[in-house]
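**Q** Sharing a structure, written as structure tokens. Questions coming.
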Amino acid sequence: MSTLDDRPASSAVGEAQSANPGGVAALMQSPVAIRLGAILLLTVGLTLLQLSGRAFWQGFVINLGIFMILVLSLNLASGFTGVFSLGHIGFMALGAYGSAILTLPLAKKADYLPNLPAWLAAVHFDFYLGPFPLGFLLATLLAAGLVAGVALLVGLVLMRLSGHFVAVATLGFLVIVRVILFNADNFTRGSRTFSNVTPYTGLWWVWCWAILTLYVVWRLKYSAYGRAMFAQREDSLAAQAIGLAILPPRLLAFVVSAFFTAVAGSLYAHFITSFSPTVFYFDLTFRVITMLIVGGLGSVSGSVLGTVAIMALAEALRRLEDVTLLYGMSQITLAVILIVIIIYRPNGLLGRREIVLARLFRKGGEPSP
Amino acid sequence: MLKLSNLHVYYGSIRALNGVSFQVNEGELVALIGSNGAGKSTTLKTISGLLRPRQGAILYEDADITRTAPDRIVALGISHCPEGRRIFGGLTVRENLRLGAVQRRRGTDMAADMDWVLSLFPILKERLSQSGGTLSGGEQQMLAIGRALMSRPKLLLLDEPSLGLAPLIVEHIFQIIRQLKQQGKTILLVEQNIHQALDAADRVYVIETGQITLTGTPEELKHNPQVEQSYLGK
């Protein structure tokens, strides 16, 4: 438990400064150095993976990053505020279709989506800044911005609800998005596959976004907004009695979360390059929720841990399936693991605590403050 | 400072307040006493905007706050320390206190208020990084009062601060309530601990089944046969 903490690394700063200032040891207790080190390690890892040319593992790590964004976002919207959203994959779908329409080459567009309104049919985000596909970034930001606007409208209505009501209502949102995607075939090709999306998404795209999401969600947790989110989750009457308005923190969490969920949608679309509305439904919803619950509602590092754990486990089980020929076993095992976790660790692996990297390097036996 | 006139409040179709009127003057410590279900907490919740009256009006510093949102009411200077403490158990003591200051205008000196609250409740200083849920009942009550004070209220609504606490702790809490009054806070206190309430208050209202039935100074009420019989057990 000595590595688990409730508070941001800033509390560790003071301790690190008072700790012995002996070279490497001191460096290993400075949160800034540790964060830089972690990013450096990630960079080296990604570079090696990129150079290795192992397409399977590259794909795996890209997926890992996309899911990490999804889980972190859902944690912000649901874990921090206690307003459980089952509709987030709807935001992901809108982000995916939105940005894919913007980046689709003009010839493909005329071929694929002949009934697109003229102003949209002439749009192709293929701007480059040297080798950097600026158009992809802009399309992602634009789509995510639009989705955030949708989330604001939806949230203004739904974030006033609580408990089971909001879960059912957000589920309704997911169903509505799906029906719209199926029927707006001028924009989405309806139930037919939307394909030939330019494969922009790579390791760097995904992990830069993932790190940004991690940073934003972490900062929010320890901001005044984050305190407000957790306070109204615990006791909304007490929160109101001391002057907290319930709606603004919930709405902020919902909108920021929808933005990053849509970003994940855009990354996903430009990674798998062909998809249909069926991709963005219950299956994906439950996978993300499983990762969130396993990690712990309210814990940022828990989201990272939950995503890695479930992704790794699913992959290992899939391989075991291939060997043993017991197909379907992996899904059953994952479901059983989820049940076991809900029984024995109902708050997930971390609850709402955090793993503070600085503490991992500290020698044991120090009193936890 | 605060004037309630003819408040009628319902929970669904159940009537909780049936025409409550009273007032609290600046600098006073007014106690609202009564038995379970008489409408004491309902009155406080209505003042702080958590419940809406079906009829009647609440005037605070000559402004009508009957329909004002709870967060605006706190910003106007009324802070409500709810019954049963209701601190945020998963957050640290420091976070609980900071949340109490959420409605304060930016740039005001939160550190000074934190120091002031911690000087009232020195025990909280040792607990700052502990999560609220690990505190004892008395400490939680102190935290709840401290949290309510962090908004720098002019009028403090205290709902049963003695609830479930050992007599010695109750004594301590009431000392602090007297201290707050000396520092110029106006306080509306709801209590079932009649002896403590009568000892601390300037004026007392007795509420029964949603109506104010008696009012007076503590001395008058102590010798009122009805109060003696129903509340003081003589």
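Scheme for the structure tokens: letters A, B, ... for chains in order shown; per-chain residue numbers from 1; ligand numbers from 1 in order shown.
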Give me, as a PyMOL selection string, the residues of chain B touching chain A, with the criterion being at most 9 Å (counting only C-alpha atoms).
**A** chain B and resi 45+48-50+69-75+79-82+85-92+95-96+98-103+129-131+147-148+151
**Q** Write the selection just made, keeping C-alpha atoms, as a CSV table (one decimal), in the first residue's frame?
**A**
chain,number,residue,atom,x,y,z
B,45,LYS,CA,-33.1,23.2,3.9
B,48,SER,CA,-30.6,27.3,1.9
B,49,GLY,CA,-32.6,26.6,-1.2
B,50,LEU,CA,-32.4,22.8,-1.1
B,69,ALA,CA,-30.4,28.7,-6.4
B,70,PRO,CA,-28.5,27.1,-3.5
B,71,ASP,CA,-25.1,28.1,-4.8
B,72,ARG,CA,-26.2,31.7,-5.1
B,73,ILE,CA,-27.5,31.6,-1.6
B,74,VAL,CA,-24.2,30.5,-0.3
B,75,ALA,CA,-22.5,33.2,-2.3
B,79,SER,CA,-23.8,28.6,4.9
B,80,HIS,CA,-25.6,25.4,5.8
B,81,CYS,CA,-23.9,22.7,7.9
B,82,PRO,CA,-26.3,19.8,7.2
B,85,ARG,CA,-22.3,16.0,9.1
B,86,ARG,CA,-22.3,14.8,5.6
B,87,ILE,CA,-18.6,15.4,5.0
B,88,PHE,CA,-17.0,14.0,1.9
B,89,GLY,CA,-15.5,10.8,3.3
B,90,GLY,CA,-13.4,9.9,0.3
B,91,LEU,CA,-11.8,13.3,0.1
B,92,THR,CA,-9.1,14.6,2.4
B,95,GLU,CA,-10.1,19.0,0.1
B,96,ASN,CA,-13.2,19.1,2.2
B,98,ARG,CA,-11.3,23.9,0.2
B,99,LEU,CA,-14.6,22.8,-1.2
B,100,GLY,CA,-16.3,24.9,1.4
B,101,ALA,CA,-14.7,28.0,-0.1
B,102,VAL,CA,-16.0,27.2,-3.6
B,103,GLN,CA,-18.5,30.0,-3.7
B,129,SER,CA,-4.1,14.9,4.6
B,130,GLN,CA,-6.3,12.2,6.0
B,131,SER,CA,-9.4,11.2,4.2
B,147,ARG,CA,-16.2,23.5,5.9
B,148,ALA,CA,-19.4,25.6,6.3
B,151,SER,CA,-17.4,30.3,2.6
**Q** List as a PyMOL selection string the protein and nucleic acid residues near Val217 in chain A, meaning an atom at most 7 Å away when only C-alpha atoms are counted, but skip any in the same chain fewer than 4 places from it.
**A** chain A and resi 76+213+221
**Q** Output the selection as a PDB file, in the first residue's frame - C-alpha atoms for each residue.
**A**
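The resulting result-v6.pdb:
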ATOM      1  CA  LEU A  76     -13.627  11.423 -16.311  1.00  0.00           C
ATOM      2  CA  THR A 213      -5.631  12.750 -22.491  1.00  0.00           C
ATOM      3  CA  LYS A 221      -8.842  15.354 -11.074  1.00  0.00           C
TER       4      LYS A 221
END
**Q** Need the shell around Asn6 in chain B: protein/DNA/RNA residues with any atom at most 12 Å away, counting only C-alpha atoms. Skip same-chain ones fewer than 3 positions apart. Format as a list of chain:residue names?
**A**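 In the requested form, the answer reads B:Lys3, B:Val9, B:Leu17, B:Asn18, B:Gly19, B:Val20, B:Ser21, B:Phe22, B:Gln23, B:Thr43, B:Pro53, B:Arg54, B:Gln55, B:Gly56, B:Ala57, B:Ile58, B:Leu59, B:Thr66, B:Gly210, B:Gln211, B:Ile212.
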**Q** Would you put the residues from that selection into a file with C-alpha atoms, as a JSON list (two decimals), in the first residue's frame?
**A**
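After the write, result-v7.json holds the following:
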[["chain", "number", "residue", "atom", "x", "y", "z"],
["B", 3, "LYS", "CA", -37.07, 36.81, 7.83],
["B", 9, "VAL", "CA", -43.26, 23.23, 2.40],
["B", 17, "LEU", "CA", -44.10, 23.13, 7.20],
["B", 18, "ASN", "CA", -47.44, 24.73, 7.79],
["B", 19, "GLY", "CA", -46.96, 28.47, 7.80],
["B", 20, "VAL", "CA", -43.66, 29.00, 9.57],
["B", 21, "SER", "CA", -42.71, 32.61, 10.28],
["B", 22, "PHE", "CA", -39.80, 33.89, 12.33],
["B", 23, "GLN", "CA", -36.80, 36.11, 12.09],
["B", 43, "THR", "CA", -36.84, 24.81, 7.66],
["B", 53, "PRO", "CA", -41.67, 26.34, -0.45],
["B", 54, "ARG", "CA", -45.08, 26.03, -2.02],
["B", 55, "GLN", "CA", -46.07, 29.27, -0.38],
["B", 56, "GLY", "CA", -44.43, 31.98, 1.64],
["B", 57, "ALA", "CA", -41.27, 34.06, 1.35],
["B", 58, "ILE", "CA", -37.72, 34.20, 2.69],
["B", 59, "LEU", "CA", -36.08, 37.60, 2.97],
["B", 66, "THR", "CA", -37.22, 32.28, -1.93],
["B", 210, "GLY", "CA", -44.66, 22.37, 11.05],
["B", 211, "GLN", "CA", -45.70, 25.39, 13.08],
["B", 212, "ILE", "CA", -43.95, 27.76, 15.47]]
**Q** Could you pull the residues within 12 Å of Val216 in chain A, counting only C-alpha atoms, minus those fewer than 4 positions along the same chain, as JSON, numbers by chain?
**A** {"A": [69, 72, 73, 76, 209, 210, 211, 212, 220, 221, 222, 223, 226, 253, 256, 257, 259, 260, 300]}
**Q** Can you tell me, as a PyMOL selection string, which residues in range 40-281 of chain A count as helix (DSSP H, G or I) by DSSP?
**A** chain A and resi 40-52+55-79+88-103+106-112+118-121+134-158+163-183+185-188+203-221+224-234+236-241+247-272+277-279
**Q** Between B:Leu156, B:Leu163, B:Leu214, B:Ile176, which is the closest to Ser119 in chain B once you count only C-alpha atoms?
**A** B:Ile176
